[in-house]
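Asker: Got a structure for you, questions after.
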Amino acid sequence: MNDFWNNHSDRYLEMAFRTGRCEILTNPDGYGKNTGECGDTIEMFLTVSNDRIEWVAFDTDGCVNTRACANTVAELVEKKTLEDAWKITTEDVVSYLETLPEESHHCAELAVGALYLALTNARINIRDSWKKLYQKNF
Ligand code: FES
């Protein structure tokens, strides 16, 4: 366990253990739920104002790497426009964290996939605002 602390960057440790975004938003502007082949799920919630992402929250049953990746996605897209948020890739998450183990790069894919689904949902909600009234209430 000692190695865990020594083998990770400060950024990784901050993203892995930050808890401020772990919440389920009721009535988000964008919602995405992604389940990986490992069986872990991330639900991502976006608050959007004037086409800009104001807040990202998430809930996951995944491992510490999954949490690090979800927090990183939030860190990278907050205050960005929806269009710019689409440019975030798995590689961006891996490179931001610096020490995400190679065998856990799929955790970054899971988080970015949840983001893409939430962005798609946000687009639909902006285009057809009436649909938001009928989506799942959390
Ligand atoms: Fe399943 Fe990280 S181990 S997403």
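Each chain of the structure tokens is named A, B, ... in the order shown, its residues numbered from 1; ligands are numbered from 1 in display order.
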List every residue of segment 15-74 of chain A that DSSP, applied to the backbone of this structure, assigns to strand (DSSP E), and report them as a list of chain:residue names.
Answerer: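 Matching residues for strand (DSSP E) in segment 15-74 of chain A are A:Gly30, A:Tyr31, A:Gly32, A:Lys33, A:Asn34, A:Thr35, A:Thr41, A:Ile42, A:Glu43, A:Met44, A:Phe45, A:Leu46, A:Thr47, A:Val48, A:Ser49, A:Arg52, A:Ile53, A:Glu54, A:Trp55, A:Val56, A:Ala57, A:Phe58, A:Asp59, A:Thr60.
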Asker: May I have the residues within 10 Å of Leu119 of chain A as a VMD selection string, using only C-alpha atoms and disregarding those fewer than 2 positions away in the same chain?
Answerer: chain A and resid 29 to 32 44 to 46 48 53 82 to 83 85 to 86 113 to 117 121 to 125
Asker: List as an mmCIF file with N, CA, C and O atoms, in the first residue's frame the protein and nucleic acid residues near Cys22 of chain A, meaning an atom at most 12 Å away when only C-alpha atoms are counted, but skip any in the same chain fewer than 6 places from it.
Answerer:
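So the final result, stored in out27.cif, reads:
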```cif
data_model
loop_
_atom_site.group_PDB
_atom_site.id
_atom_site.type_symbol
_atom_site.label_atom_id
_atom_site.label_comp_id
_atom_site.auth_asym_id
_atom_site.auth_seq_id
_atom_site.Cartn_x
_atom_site.Cartn_y
_atom_site.Cartn_z
ATOM 1 N N MET A 15 -6.983 13.975 -7.711
ATOM 2 C CA MET A 15 -8.168 13.576 -8.483
ATOM 3 C C MET A 15 -8.795 12.302 -7.925
ATOM 4 O O MET A 15 -10.005 12.120 -7.947
ATOM 5 N N ALA A 16 -7.971 11.400 -7.413
ATOM 6 C CA ALA A 16 -8.484 10.122 -6.905
ATOM 7 C C ALA A 16 -9.294 10.304 -5.624
ATOM 8 O O ALA A 16 -10.253 9.567 -5.387
ATOM 9 N N ILE A 42 -20.297 4.815 -14.543
ATOM 10 C CA ILE A 42 -20.210 6.227 -14.158
ATOM 11 C C ILE A 42 -21.469 6.919 -14.655
ATOM 12 O O ILE A 42 -21.848 6.763 -15.816
ATOM 13 N N GLU A 43 -22.093 7.674 -13.781
ATOM 14 C CA GLU A 43 -23.175 8.570 -14.186
ATOM 15 C C GLU A 43 -22.626 9.989 -14.088
ATOM 16 O O GLU A 43 -22.056 10.358 -13.063
ATOM 17 N N MET A 44 -22.786 10.742 -15.160
ATOM 18 C CA MET A 44 -22.250 12.099 -15.169
ATOM 19 C C MET A 44 -23.384 13.104 -15.356
ATOM 20 O O MET A 44 -24.298 12.880 -16.159
ATOM 21 N N PHE A 45 -23.312 14.192 -14.610
ATOM 22 C CA PHE A 45 -24.367 15.210 -14.604
ATOM 23 C C PHE A 45 -23.745 16.565 -14.941
ATOM 24 O O PHE A 45 -22.755 16.957 -14.310
ATOM 25 N N TRP A 55 -20.931 23.230 -14.167
ATOM 26 C CA TRP A 55 -20.638 22.301 -13.065
ATOM 27 C C TRP A 55 -20.764 20.867 -13.576
ATOM 28 O O TRP A 55 -21.628 20.583 -14.398
ATOM 29 N N VAL A 56 -19.869 20.018 -13.096
ATOM 30 C CA VAL A 56 -19.929 18.586 -13.431
ATOM 31 C C VAL A 56 -19.959 17.810 -12.125
ATOM 32 O O VAL A 56 -19.145 18.056 -11.231
ATOM 33 N N ALA A 57 -20.915 16.908 -12.010
ATOM 34 C CA ALA A 57 -20.966 16.014 -10.859
ATOM 35 C C ALA A 57 -21.020 14.581 -11.385
ATOM 36 O O ALA A 57 -21.373 14.355 -12.544
ATOM 37 N N PHE A 58 -20.648 13.645 -10.545
ATOM 38 C CA PHE A 58 -20.714 12.250 -11.004
ATOM 39 C C PHE A 58 -20.967 11.307 -9.832
ATOM 40 O O PHE A 58 -20.735 11.650 -8.666
ATOM 41 N N ASP A 59 -21.432 10.125 -10.201
ATOM 42 C CA ASP A 59 -21.594 9.047 -9.232
ATOM 43 C C ASP A 59 -21.015 7.800 -9.892
ATOM 44 O O ASP A 59 -21.211 7.585 -11.084
ATOM 45 N N THR A 60 -20.265 7.015 -9.135
ATOM 46 C CA THR A 60 -19.695 5.802 -9.715
ATOM 47 C C THR A 60 -19.562 4.722 -8.663
ATOM 48 O O THR A 60 -19.370 5.013 -7.475
ATOM 49 N N ASP A 61 -19.655 3.485 -9.131
ATOM 50 C CA ASP A 61 -19.379 2.348 -8.250
ATOM 51 C C ASP A 61 -17.999 1.779 -8.577
ATOM 52 O O ASP A 61 -17.656 0.685 -8.158
ATOM 53 N N ARG A 67 -12.547 6.943 -10.238
ATOM 54 C CA ARG A 67 -12.822 8.243 -9.587
ATOM 55 C C ARG A 67 -11.827 9.298 -10.047
ATOM 56 O O ARG A 67 -12.193 10.444 -10.314
ATOM 57 N N ALA A 68 -10.573 8.909 -10.137
ATOM 58 C CA ALA A 68 -9.553 9.851 -10.600
ATOM 59 C C ALA A 68 -9.892 10.332 -12.011
ATOM 60 O O ALA A 68 -9.768 11.527 -12.320
ATOM 61 N N ALA A 70 -12.904 10.333 -13.559
ATOM 62 C CA ALA A 70 -14.138 11.142 -13.588
ATOM 63 C C ALA A 70 -13.858 12.561 -13.075
ATOM 64 O O ALA A 70 -14.319 13.547 -13.663
ATOM 65 N N ASN A 71 -13.076 12.675 -12.003
ATOM 66 C CA ASN A 71 -12.726 14.011 -11.501
ATOM 67 C C ASN A 71 -11.888 14.781 -12.521
ATOM 68 O O ASN A 71 -12.021 16.007 -12.650
ATOM 69 N N ALA A 74 -14.092 16.169 -15.237
ATOM 70 C CA ALA A 74 -14.773 17.366 -14.713
ATOM 71 C C ALA A 74 -13.819 18.560 -14.716
ATOM 72 O O ALA A 74 -14.173 19.658 -15.162
#
```
Asker: Would you please work out which residue, of A:Val93, A:Leu76, A:Leu25, A:Ala108, is nearest to ligand 1 when using only C-alpha atoms and all ligand atoms?
Answerer: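 Closest to ligand 1 of all the choices is A:Ala108.
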Asker: Counting only C-alpha atoms and all ligand atoms, which protein, DNA or RNA residues come within 12 Å of ligand 1, given as a PyMOL selection string?
Answerer: chain A and resi 16+34-42+60-70+100-114
Asker: Going by DSSP on the backbone, which bits of segment 13-114 of chain A are helix (DSSP H, G or I)? Write them as a PyMOL selection string, please.
Answerer: chain A and resi 13-17+64-77+82-85+90-97+102-114
Asker: Do you have the atom CA of Lys33 of chain A-atom CA of Asp128 of chain A distance handy?
Answerer: 20.1 Å
Asker: Might you pull out every residue within 12 Å of His8 of chain A, with only C-alpha atoms counted and same-chain residues fewer than 2 positions away left off, and present them as a list of chain:residue names?
Answerer: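 Residues meeting the cut-off are A:Met1, A:Asn2, A:Asp3, A:Phe4, A:Trp5, A:Asn6, A:Asp10, A:Arg11, A:Tyr12, A:Leu13, A:Glu14, A:Met15, A:Ala16, A:Asn65, A:Ala68, A:Leu97, A:Glu98, A:Thr99, A:Leu100, A:Pro101.
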Asker: Could the residues in this selection be saved with N, CA and C atoms as a short mmCIF file (atom, residue, chain, number, x, y, z; two decimals), in the first residue's frame?
Answerer:
```cif
data_model
loop_
_atom_site.label_atom_id
_atom_site.label_comp_id
_atom_site.auth_asym_id
_atom_site.auth_seq_id
_atom_site.Cartn_x
_atom_site.Cartn_y
_atom_site.Cartn_z
N MET A 1 0.84 -1.20 0.00
CA MET A 1 0.00 0.00 0.00
C MET A 1 0.88 1.26 0.00
N ASN A 2 2.03 1.14 0.69
CA ASN A 2 2.98 2.25 0.72
C ASN A 2 3.35 2.69 -0.67
N ASP A 3 3.56 1.71 -1.56
CA ASP A 3 3.95 2.01 -2.93
C ASP A 3 2.91 2.86 -3.63
N PHE A 4 1.65 2.64 -3.29
CA PHE A 4 0.57 3.38 -3.94
C PHE A 4 0.82 4.88 -3.81
N TRP A 5 1.14 5.35 -2.61
CA TRP A 5 1.34 6.78 -2.38
C TRP A 5 2.61 7.28 -3.06
N ASN A 6 3.63 6.44 -3.06
CA ASN A 6 4.90 6.88 -3.66
C ASN A 6 4.90 6.82 -5.18
N ASP A 10 1.09 13.94 -7.66
CA ASP A 10 0.20 14.73 -6.80
C ASP A 10 -1.16 14.92 -7.46
N ARG A 11 -1.12 15.12 -8.78
CA ARG A 11 -2.38 15.31 -9.51
C ARG A 11 -3.27 14.09 -9.41
N TYR A 12 -2.64 12.93 -9.62
CA TYR A 12 -3.42 11.69 -9.53
C TYR A 12 -4.07 11.59 -8.15
N LEU A 13 -3.29 11.79 -7.11
CA LEU A 13 -3.81 11.64 -5.75
C LEU A 13 -4.92 12.64 -5.47
N GLU A 14 -4.76 13.86 -5.98
CA GLU A 14 -5.82 14.86 -5.78
C GLU A 14 -7.10 14.42 -6.48
N MET A 15 -6.98 13.97 -7.71
CA MET A 15 -8.17 13.58 -8.48
C MET A 15 -8.79 12.30 -7.93
N ALA A 16 -7.97 11.40 -7.41
CA ALA A 16 -8.48 10.12 -6.91
C ALA A 16 -9.29 10.30 -5.62
N ASN A 65 -9.21 4.40 -9.56
CA ASN A 65 -8.79 4.93 -10.86
C ASN A 65 -9.97 5.56 -11.62
N ALA A 68 -10.57 8.91 -10.14
CA ALA A 68 -9.55 9.85 -10.60
C ALA A 68 -9.89 10.33 -12.01
N LEU A 97 -3.32 12.94 -15.58
CA LEU A 97 -3.10 12.21 -14.32
C LEU A 97 -1.64 11.78 -14.13
N GLU A 98 -0.91 11.66 -15.20
CA GLU A 98 0.53 11.33 -15.20
C GLU A 98 0.86 9.90 -14.78
N THR A 99 0.12 9.36 -13.81
CA THR A 99 0.51 8.03 -13.30
C THR A 99 -0.64 7.01 -13.32
N LEU A 100 -1.63 7.24 -14.19
CA LEU A 100 -2.70 6.24 -14.30
C LEU A 100 -2.08 4.96 -14.87
N PRO A 101 -2.21 3.84 -14.18
CA PRO A 101 -1.59 2.60 -14.68
C PRO A 101 -2.13 2.22 -16.06
#
```
Asker: Using only C-alpha atoms for the distances, tell me which of A:Arg52, A:Tyr96, A:Thr89, A:Lys79 is nearest to Ile126 of chain A.
Answerer: A:Arg52
